[in-house]
Amino acid sequence: MEFKNIIMKTTNKHIISAIALIAVVGLGGCKKSMDDLFQNPEAFTSTKIEYLLPTGIDATLRQDYGDIYTNHLNGIAQITQVVAGTADPISFYRWTNDKGKWNGYYTNANSMISLKGMEQIYNYKIDEAQREEYKPYLAMAKILMAYNTGRTTDFFDDMPYTDAFKGQNSLYGQPVILTPKYDTQQSIYYAILDDLKAAAATLSAYTLNPTAYQTHSALPQQDILYQGDLLKWVKFANSLRLRFAMRISAKDATRARTEINDLISSNAPLITQNADNAYLYVGGQVAVAGGGSNTQLRSFNELPNQIYAPKLMVDQMTAANDPRLNVFFAKPTVTGATATTIVGLSPSADARNAAGLTTTTIPLQIASLNPVTIVKNTNLPTGIGITAADVDFLLAEAAVNGLITGKTFSDANNYYSDGIRRSVEAYYDFYIKSPATDKDPLLNVQPGTAVKDALVNTSSYKLAAGTAIEQIALQKWMNTNILQSNETFTEYTRLDLPVLLPDIQAGIQLNTAEKIPKRAIIPSSETGSNSANYSAVAGKNNQNTRVWWDVK
């Protein structure tokens, strides 16, 4: 598979500093001449919708190497303590830029621009009969755009949305907007919730006809996420709708309750089994430092001093005899290692110094991310959208908070317990499917029912009414972990849970509630090119202002 993009700059850096001309080669035999695209700057409008779908999926779900290296292993993942490192953490808590999130949304030619291109071609370049044929493609694009938009507004609060991506409208005979207004996060959330519901409804009612339509017969190849399985896309849409409804539940309980009960009362299919998890495998993990790999494994292998096992997680798992401990983390493998058990690293330099740990002794005594499961696992998904365990924990929280009509604490406990079981199964599955040859035979098989039942009933994990939200948040954090670190950060921001260990440097605690960033910074390219509209939100453009849904 090869994605090629030609970028034509416009006068507006923010909205689309580019019109992407994309050719996808090698998918289902579909191929476009790059020469033709170069010679015809309006060729984007004549490409086919199906050519843009795989590019949009890949760019939406991929855990990007640069993002993980720069913003997560050297920032977000350290702040949330799903990994530990020895780099100076002071800069981790000082956010002065967009963390690549703003530009990734508005100017990444492979992501929203591809998806918006699908929508614009559908609306303005094909006839009514073709629109019926392309309905499933458009619904998939809507789901991916909702995912992208939700993730981005979680980092920036208000942002251009309704008028966004209209810098290329002249190609479609539509009004051009180069300086889009900002929409409130509240209105953005309502819009993406509506879009997810509509997309799920479209796909639920649709039947593919590969005999009549070549686009339908090609869908299993073009759909690099679910290989044309519309029901799995419905589950994906509904599960994201649940996630986004819970995101706003503390701010707008009425809307959240409406969305969640609509899902539950209609028996809307959700991702409740790991077989339906939104796992992207395209792109190939490369488990070495350097090279051209655009996956998180490259960053793990380039930053071994930033992937130590975090003390809080290790201590929690050890206390519960959690079978995930040994598939998450591994004892040191370097010559001279002295650790006989899995030991986690404190985020606090002061605590490490008091324990006599140095950059020389830490590699000998402290565990790291397990190379079989994660660091060297070339069969690991290149991206994760949402999983069965994620859904279970969301439902558990909703039930505890009275957001699901008729559900009791017993129902919450069932959701919660299923979430732990699904999480155990998913991480063991990563270990079992790893191509590593030096596996521990005790870990290379799924834990039995008795082991998982004992885990959910252990004294530290068994759900208790007085601490239910704290326990659910802990399990969410363990499950999303480093492999869904954007989600880990956003849920930590929303719940302010779990309670993290103090990060103390030279007697000063860095991770107080006042110092942990709440949002990223809208970049100067936007403040300059769209200044009149930006001025409406300028007062909030700092790391300490909470986004709309964050009421903690």
# chains A, B, ... in the order shown; residues from 1 in each chain; ligands from 1
$ select_by_dssp --residues "range 481-531 of chain A" --states "strand (DSSP E or B)" --output "mmCIF file with all heavy atoms, in the first residue's frame"
data_model
loop_
_atom_site.group_PDB
_atom_site.id
_atom_site.type_symbol
_atom_site.label_atom_id
_atom_site.label_comp_id
_atom_site.auth_asym_id
_atom_site.auth_seq_id
_atom_site.Cartn_x
_atom_site.Cartn_y
_atom_site.Cartn_z
ATOM 1 N N ILE A 504 8.406 14.670 42.686
ATOM 2 C CA ILE A 504 9.119 15.701 43.430
ATOM 3 C C ILE A 504 10.555 15.807 42.931
ATOM 4 O O ILE A 504 11.291 14.819 42.888
ATOM 5 C CB ILE A 504 9.109 15.397 44.944
ATOM 6 C CG1 ILE A 504 7.657 15.307 45.439
ATOM 7 C CG2 ILE A 504 9.859 16.468 45.720
ATOM 8 C CD1 ILE A 504 7.517 14.886 46.876
ATOM 9 N N GLN A 505 10.924 17.005 42.539
ATOM 10 C CA GLN A 505 12.274 17.291 42.061
ATOM 11 C C GLN A 505 12.869 18.411 42.918
ATOM 12 O O GLN A 505 12.299 19.502 42.977
ATOM 13 C CB GLN A 505 12.231 17.740 40.590
ATOM 14 C CG GLN A 505 11.423 16.831 39.680
ATOM 15 C CD GLN A 505 12.131 15.542 39.355
ATOM 16 O OE1 GLN A 505 13.361 15.515 39.221
ATOM 17 N NE2 GLN A 505 11.377 14.465 39.235
ATOM 18 N N ILE A 508 10.475 20.146 45.219
ATOM 19 C CA ILE A 508 9.300 20.797 44.646
ATOM 20 C C ILE A 508 8.453 19.764 43.923
ATOM 21 O O ILE A 508 8.946 19.044 43.050
ATOM 22 C CB ILE A 508 9.716 21.922 43.674
ATOM 23 C CG1 ILE A 508 10.522 22.988 44.414
ATOM 24 C CG2 ILE A 508 8.485 22.537 43.013
ATOM 25 C CD1 ILE A 508 11.105 24.039 43.518
ATOM 26 N N GLN A 509 7.170 19.693 44.286
ATOM 27 C CA GLN A 509 6.285 18.753 43.612
ATOM 28 C C GLN A 509 5.814 19.352 42.292
ATOM 29 O O GLN A 509 5.242 20.442 42.250
ATOM 30 C CB GLN A 509 5.077 18.391 44.475
ATOM 31 C CG GLN A 509 4.197 17.331 43.814
ATOM 32 C CD GLN A 509 3.091 16.822 44.714
ATOM 33 O OE1 GLN A 509 3.106 17.058 45.918
ATOM 34 N NE2 GLN A 509 2.123 16.111 44.136
#
$ residues_around --residues "range 459-472 of chain A" --least-positions-apart "6" --cutoff "7 Å" --atoms "only C-alpha atoms" --output "VMD selection string"
chain A and resid 320 393 397 413 416 497 to 498
$ residues_around --residues "range 373-375 of chain A" --least-positions-apart "2" --cutoff "8 Å" --atoms "only C-alpha atoms" --output "ChimeraX atom specification"
/A:287,297,300-301,327-328,369-371,377,380,427-428,430-431,434
$ closest_residue --among "A:Ala339, A:Ala275, A:Leu219, A:Ala250" --to "Asn401 in chain A" --atoms "only C-alpha atoms"
A:Ala250
$ residues_around --residues "range 159-162 of chain A" --least-positions-apart "4" --cutoff "7 Å" --atoms "only C-alpha atoms" --output "list in words"
Thr153, Pro180, Lys181, Tyr182, Asp183 and Thr184 of chain A
$ select_by_dssp --residues "range 137-205 of chain A" --states "alpha helix (DSSP H)" --output "PyMOL selection string"
chain A and resi 137-156+185-205
$ write_last_selection --atoms "N, CA and C atoms" --output "short mmCIF file (atom, residue, chain, number, x, y, z; two decimals), in the first residue's frame"
data_model
loop_
_atom_site.label_atom_id
_atom_site.label_comp_id
_atom_site.auth_asym_id
_atom_site.auth_seq_id
_atom_site.Cartn_x
_atom_site.Cartn_y
_atom_site.Cartn_z
N TYR A 137 -19.45 4.12 2.68
CA TYR A 137 -18.18 4.83 2.72
C TYR A 137 -18.33 6.15 3.48
N LEU A 138 -19.41 6.88 3.18
CA LEU A 138 -19.60 8.16 3.85
C LEU A 138 -19.84 7.95 5.35
N ALA A 139 -20.60 6.91 5.71
CA ALA A 139 -20.84 6.65 7.13
C ALA A 139 -19.54 6.35 7.85
N MET A 140 -18.66 5.58 7.23
CA MET A 140 -17.35 5.29 7.84
C MET A 140 -16.54 6.57 8.01
N ALA A 141 -16.59 7.43 6.99
CA ALA A 141 -15.88 8.71 7.09
C ALA A 141 -16.43 9.54 8.23
N LYS A 142 -17.75 9.54 8.42
CA LYS A 142 -18.37 10.30 9.51
C LYS A 142 -17.89 9.79 10.87
N ILE A 143 -17.79 8.48 11.01
CA ILE A 143 -17.32 7.89 12.27
C ILE A 143 -15.89 8.31 12.55
N LEU A 144 -15.05 8.24 11.54
CA LEU A 144 -13.64 8.61 11.71
C LEU A 144 -13.48 10.10 11.98
N MET A 145 -14.30 10.93 11.31
CA MET A 145 -14.23 12.37 11.56
C MET A 145 -14.68 12.70 12.99
N ALA A 146 -15.69 11.98 13.49
CA ALA A 146 -16.12 12.20 14.87
C ALA A 146 -15.01 11.82 15.84
N TYR A 147 -14.35 10.70 15.57
CA TYR A 147 -13.22 10.27 16.40
C TYR A 147 -12.13 11.34 16.41
N ASN A 148 -11.76 11.80 15.24
CA ASN A 148 -10.72 12.83 15.11
C ASN A 148 -11.11 14.12 15.82
N THR A 149 -12.33 14.54 15.61
CA THR A 149 -12.78 15.81 16.16
C THR A 149 -12.88 15.75 17.68
N GLY A 150 -13.44 14.65 18.20
CA GLY A 150 -13.52 14.51 19.65
C GLY A 150 -12.16 14.53 20.29
N ARG A 151 -11.23 13.80 19.72
CA ARG A 151 -9.86 13.76 20.27
C ARG A 151 -9.22 15.14 20.24
N THR A 152 -9.48 15.91 19.18
CA THR A 152 -8.84 17.22 19.06
C THR A 152 -9.46 18.24 19.99
N THR A 153 -10.78 18.29 20.06
CA THR A 153 -11.41 19.27 20.95
C THR A 153 -11.13 18.94 22.41
N ASP A 154 -10.86 17.69 22.73
CA ASP A 154 -10.46 17.33 24.09
C ASP A 154 -9.16 18.01 24.49
N PHE A 155 -8.34 18.33 23.52
CA PHE A 155 -7.08 19.01 23.80
C PHE A 155 -7.18 20.53 23.70
N PHE A 156 -8.21 21.06 22.99
CA PHE A 156 -8.24 22.50 22.73
C PHE A 156 -9.52 23.21 23.14
N GLN A 185 -17.07 23.96 22.42
CA GLN A 185 -16.90 22.52 22.59
C GLN A 185 -18.23 21.83 22.81
N GLN A 186 -19.13 22.50 23.50
CA GLN A 186 -20.45 21.92 23.72
C GLN A 186 -21.14 21.61 22.40
N SER A 187 -21.16 22.57 21.48
CA SER A 187 -21.83 22.35 20.20
C SER A 187 -21.10 21.30 19.36
N ILE A 188 -19.78 21.26 19.48
CA ILE A 188 -19.01 20.25 18.75
C ILE A 188 -19.37 18.85 19.25
N TYR A 189 -19.44 18.71 20.56
CA TYR A 189 -19.79 17.40 21.12
C TYR A 189 -21.19 16.97 20.70
N TYR A 190 -22.13 17.88 20.74
CA TYR A 190 -23.49 17.53 20.30
C TYR A 190 -23.48 17.08 18.84
N ALA A 191 -22.68 17.76 18.02
CA ALA A 191 -22.64 17.42 16.59
C ALA A 191 -22.03 16.04 16.35
N ILE A 192 -20.95 15.73 17.04
CA ILE A 192 -20.32 14.42 16.78
C ILE A 192 -21.16 13.29 17.37
N LEU A 193 -21.87 13.55 18.47
CA LEU A 193 -22.78 12.53 18.98
C LEU A 193 -23.90 12.26 17.97
N ASP A 194 -24.43 13.32 17.37
CA ASP A 194 -25.45 13.16 16.33
C ASP A 194 -24.91 12.40 15.12
N ASP A 195 -23.69 12.75 14.72
CA ASP A 195 -23.10 12.09 13.55
C ASP A 195 -22.88 10.61 13.80
N LEU A 196 -22.43 10.25 14.99
CA LEU A 196 -22.19 8.84 15.29
C LEU A 196 -23.50 8.06 15.30
N LYS A 197 -24.55 8.65 15.86
CA LYS A 197 -25.84 7.98 15.85
C LYS A 197 -26.35 7.78 14.43
N ALA A 198 -26.24 8.82 13.60
CA ALA A 198 -26.72 8.74 12.22
C ALA A 198 -25.91 7.73 11.41
N ALA A 199 -24.59 7.71 11.61
CA ALA A 199 -23.74 6.78 10.86
C ALA A 199 -24.07 5.34 11.24
N ALA A 200 -24.26 5.09 12.53
CA ALA A 200 -24.62 3.73 12.96
C ALA A 200 -25.96 3.31 12.37
N ALA A 201 -26.92 4.24 12.33
CA ALA A 201 -28.23 3.93 11.76
C ALA A 201 -28.12 3.60 10.27
N THR A 202 -27.32 4.37 9.55
CA THR A 202 -27.12 4.13 8.12
C THR A 202 -26.55 2.75 7.87
N LEU A 203 -25.50 2.42 8.59
CA LEU A 203 -24.83 1.14 8.37
C LEU A 203 -25.68 -0.04 8.84
N SER A 204 -26.46 0.16 9.90
CA SER A 204 -27.33 -0.91 10.40
C SER A 204 -28.39 -1.29 9.37
N ALA A 205 -28.84 -0.30 8.61
CA ALA A 205 -29.91 -0.53 7.64
C ALA A 205 -29.41 -0.88 6.25
#
$ decode --residues "range 231-244 of chain A" --atoms "all heavy atoms" --output "PDB file, in the first residue's frame"
ATOM      1  N   LEU A 231     -21.305  -4.418  10.491  1.00  0.00           N
ATOM      2  CA  LEU A 231     -21.741  -4.537  11.879  1.00  0.00           C
ATOM      3  C   LEU A 231     -20.641  -4.103  12.842  1.00  0.00           C
ATOM      4  O   LEU A 231     -20.925  -3.458  13.859  1.00  0.00           O
ATOM      5  CB  LEU A 231     -22.172  -5.972  12.183  1.00  0.00           C
ATOM      6  CG  LEU A 231     -22.617  -6.237  13.628  1.00  0.00           C
ATOM      7  CD1 LEU A 231     -23.769  -5.323  14.037  1.00  0.00           C
ATOM      8  CD2 LEU A 231     -23.012  -7.707  13.797  1.00  0.00           C
ATOM      9  N   LYS A 232     -19.419  -4.427  12.522  1.00  0.00           N
ATOM     10  CA  LYS A 232     -18.316  -3.992  13.393  1.00  0.00           C
ATOM     11  C   LYS A 232     -18.169  -2.476  13.368  1.00  0.00           C
ATOM     12  O   LYS A 232     -17.851  -1.866  14.399  1.00  0.00           O
ATOM     13  CB  LYS A 232     -17.013  -4.691  12.997  1.00  0.00           C
ATOM     14  CG  LYS A 232     -16.998  -6.169  13.349  1.00  0.00           C
ATOM     15  CD  LYS A 232     -15.650  -6.812  13.105  1.00  0.00           C
ATOM     16  CE  LYS A 232     -15.666  -8.277  13.541  1.00  0.00           C
ATOM     17  NZ  LYS A 232     -14.352  -8.935  13.361  1.00  0.00           N
ATOM     18  N   TRP A 233     -18.420  -1.856  12.228  1.00  0.00           N
ATOM     19  CA  TRP A 233     -18.406  -0.397  12.170  1.00  0.00           C
ATOM     20  C   TRP A 233     -19.546   0.190  13.009  1.00  0.00           C
ATOM     21  O   TRP A 233     -19.376   1.223  13.663  1.00  0.00           O
ATOM     22  CB  TRP A 233     -18.507   0.077  10.721  1.00  0.00           C
ATOM     23  CG  TRP A 233     -17.194   0.118  10.007  1.00  0.00           C
ATOM     24  CD1 TRP A 233     -16.668  -0.852   9.212  1.00  0.00           C
ATOM     25  CD2 TRP A 233     -16.221   1.173  10.046  1.00  0.00           C
ATOM     26  NE1 TRP A 233     -15.430  -0.463   8.743  1.00  0.00           N
ATOM     27  CE2 TRP A 233     -15.134   0.769   9.236  1.00  0.00           C
ATOM     28  CE3 TRP A 233     -16.178   2.415  10.673  1.00  0.00           C
ATOM     29  CZ2 TRP A 233     -14.012   1.579   9.043  1.00  0.00           C
ATOM     30  CZ3 TRP A 233     -15.052   3.220  10.490  1.00  0.00           C
ATOM     31  CH2 TRP A 233     -13.992   2.805   9.686  1.00  0.00           C
ATOM     32  N   VAL A 234     -20.693  -0.457  13.009  1.00  0.00           N
ATOM     33  CA  VAL A 234     -21.810  -0.006  13.851  1.00  0.00           C
ATOM     34  C   VAL A 234     -21.402  -0.067  15.318  1.00  0.00           C
ATOM     35  O   VAL A 234     -21.643   0.878  16.092  1.00  0.00           O
ATOM     36  CB  VAL A 234     -23.060  -0.873  13.594  1.00  0.00           C
ATOM     37  CG1 VAL A 234     -24.140  -0.563  14.623  1.00  0.00           C
ATOM     38  CG2 VAL A 234     -23.590  -0.650  12.186  1.00  0.00           C
ATOM     39  N   LYS A 235     -20.772  -1.146  15.712  1.00  0.00           N
ATOM     40  CA  LYS A 235     -20.312  -1.287  17.096  1.00  0.00           C
ATOM     41  C   LYS A 235     -19.268  -0.221  17.435  1.00  0.00           C
ATOM     42  O   LYS A 235     -19.277   0.330  18.544  1.00  0.00           O
ATOM     43  CB  LYS A 235     -19.741  -2.685  17.319  1.00  0.00           C
ATOM     44  CG  LYS A 235     -20.770  -3.797  17.219  1.00  0.00           C
ATOM     45  CD  LYS A 235     -20.122  -5.169  17.402  1.00  0.00           C
ATOM     46  CE  LYS A 235     -21.146  -6.283  17.304  1.00  0.00           C
ATOM     47  NZ  LYS A 235     -20.538  -7.632  17.479  1.00  0.00           N
ATOM     48  N   PHE A 236     -18.394   0.058  16.492  1.00  0.00           N
ATOM     49  CA  PHE A 236     -17.375   1.092  16.686  1.00  0.00           C
ATOM     50  C   PHE A 236     -18.049   2.441  16.912  1.00  0.00           C
ATOM     51  O   PHE A 236     -17.724   3.175  17.860  1.00  0.00           O
ATOM     52  CB  PHE A 236     -16.460   1.109  15.466  1.00  0.00           C
ATOM     53  CG  PHE A 236     -15.285   2.059  15.553  1.00  0.00           C
ATOM     54  CD1 PHE A 236     -14.686   2.391  16.762  1.00  0.00           C
ATOM     55  CD2 PHE A 236     -14.740   2.611  14.389  1.00  0.00           C
ATOM     56  CE1 PHE A 236     -13.590   3.249  16.828  1.00  0.00           C
ATOM     57  CE2 PHE A 236     -13.657   3.469  14.445  1.00  0.00           C
ATOM     58  CZ  PHE A 236     -13.083   3.792  15.659  1.00  0.00           C
ATOM     59  N   ALA A 237     -19.012   2.791  16.058  1.00  0.00           N
ATOM     60  CA  ALA A 237     -19.709   4.072  16.181  1.00  0.00           C
ATOM     61  C   ALA A 237     -20.442   4.167  17.510  1.00  0.00           C
ATOM     62  O   ALA A 237     -20.373   5.189  18.207  1.00  0.00           O
ATOM     63  CB  ALA A 237     -20.689   4.251  15.018  1.00  0.00           C
ATOM     64  N   ASN A 238     -21.170   3.130  17.875  1.00  0.00           N
ATOM     65  CA  ASN A 238     -21.924   3.151  19.122  1.00  0.00           C
ATOM     66  C   ASN A 238     -21.007   3.226  20.343  1.00  0.00           C
ATOM     67  O   ASN A 238     -21.332   3.903  21.333  1.00  0.00           O
ATOM     68  CB  ASN A 238     -22.813   1.910  19.223  1.00  0.00           C
ATOM     69  CG  ASN A 238     -23.966   1.926  18.239  1.00  0.00           C
ATOM     70  OD1 ASN A 238     -24.412   2.994  17.815  1.00  0.00           O
ATOM     71  ND2 ASN A 238     -24.459   0.756  17.873  1.00  0.00           N
ATOM     72  N   SER A 239     -19.883   2.551  20.286  1.00  0.00           N
ATOM     73  CA  SER A 239     -18.943   2.565  21.406  1.00  0.00           C
ATOM     74  C   SER A 239     -18.306   3.937  21.560  1.00  0.00           C
ATOM     75  O   SER A 239     -18.109   4.418  22.692  1.00  0.00           O
ATOM     76  CB  SER A 239     -17.875   1.484  21.200  1.00  0.00           C
ATOM     77  OG  SER A 239     -18.470   0.194  21.137  1.00  0.00           O
ATOM     78  N   LEU A 240     -17.981   4.587  20.448  1.00  0.00           N
ATOM     79  CA  LEU A 240     -17.462   5.955  20.520  1.00  0.00           C
ATOM     80  C   LEU A 240     -18.532   6.907  21.052  1.00  0.00           C
ATOM     81  O   LEU A 240     -18.230   7.827  21.827  1.00  0.00           O
ATOM     82  CB  LEU A 240     -17.002   6.418  19.140  1.00  0.00           C
ATOM     83  CG  LEU A 240     -15.743   5.757  18.578  1.00  0.00           C
ATOM     84  CD1 LEU A 240     -15.454   6.290  17.176  1.00  0.00           C
ATOM     85  CD2 LEU A 240     -14.532   5.986  19.481  1.00  0.00           C
ATOM     86  N   ARG A 241     -19.758   6.680  20.654  1.00  0.00           N
ATOM     87  CA  ARG A 241     -20.858   7.519  21.155  1.00  0.00           C
ATOM     88  C   ARG A 241     -20.972   7.387  22.678  1.00  0.00           C
ATOM     89  O   ARG A 241     -21.177   8.381  23.393  1.00  0.00           O
ATOM     90  CB  ARG A 241     -22.154   7.098  20.470  1.00  0.00           C
ATOM     91  CG  ARG A 241     -23.344   8.011  20.741  1.00  0.00           C
ATOM     92  CD  ARG A 241     -24.531   7.536  19.924  1.00  0.00           C
ATOM     93  NE  ARG A 241     -25.786   8.057  20.450  1.00  0.00           N
ATOM     94  CZ  ARG A 241     -26.956   7.465  20.320  1.00  0.00           C
ATOM     95  NH1 ARG A 241     -27.037   6.302  19.659  1.00  0.00           N
ATOM     96  NH2 ARG A 241     -28.046   7.995  20.817  1.00  0.00           N
ATOM     97  N   LEU A 242     -20.836   6.175  23.183  1.00  0.00           N
ATOM     98  CA  LEU A 242     -20.827   5.964  24.631  1.00  0.00           C
ATOM     99  C   LEU A 242     -19.661   6.702  25.271  1.00  0.00           C
ATOM    100  O   LEU A 242     -19.826   7.371  26.299  1.00  0.00           O
ATOM    101  CB  LEU A 242     -20.742   4.465  24.927  1.00  0.00           C
ATOM    102  CG  LEU A 242     -20.540   4.068  26.389  1.00  0.00           C
ATOM    103  CD1 LEU A 242     -21.743   4.463  27.232  1.00  0.00           C
ATOM    104  CD2 LEU A 242     -20.269   2.558  26.492  1.00  0.00           C
ATOM    105  N   ARG A 243     -18.480   6.589  24.679  1.00  0.00           N
ATOM    106  CA  ARG A 243     -17.298   7.273  25.222  1.00  0.00           C
ATOM    107  C   ARG A 243     -17.519   8.778  25.291  1.00  0.00           C
ATOM    108  O   ARG A 243     -17.256   9.408  26.321  1.00  0.00           O
ATOM    109  CB  ARG A 243     -16.069   6.965  24.350  1.00  0.00           C
ATOM    110  CG  ARG A 243     -14.846   7.801  24.694  1.00  0.00           C
ATOM    111  CD  ARG A 243     -13.680   7.504  23.760  1.00  0.00           C
ATOM    112  NE  ARG A 243     -13.010   6.260  24.135  1.00  0.00           N
ATOM    113  CZ  ARG A 243     -12.014   5.715  23.439  1.00  0.00           C
ATOM    114  NH1 ARG A 243     -11.618   6.267  22.301  1.00  0.00           N
ATOM    115  NH2 ARG A 243     -11.448   4.597  23.861  1.00  0.00           N
ATOM    116  N   PHE A 244     -18.005   9.366  24.207  1.00  0.00           N
ATOM    117  CA  PHE A 244     -18.159  10.816  24.180  1.00  0.00           C
ATOM    118  C   PHE A 244     -19.312  11.280  25.072  1.00  0.00           C
ATOM    119  O   PHE A 244     -19.265  12.378  25.639  1.00  0.00           O
ATOM    120  CB  PHE A 244     -18.349  11.297  22.742  1.00  0.00           C
ATOM    121  CG  PHE A 244     -17.115  11.154  21.881  1.00  0.00           C
ATOM    122  CD1 PHE A 244     -17.205  10.723  20.568  1.00  0.00           C
ATOM    123  CD2 PHE A 244     -15.856  11.446  22.389  1.00  0.00           C
ATOM    124  CE1 PHE A 244     -16.062  10.588  19.774  1.00  0.00           C
ATOM    125  CE2 PHE A 244     -14.717  11.312  21.605  1.00  0.00           C
ATOM    126  CZ  PHE A 244     -14.816  10.882  20.294  1.00  0.00           C
TER     127      PHE A 244
END
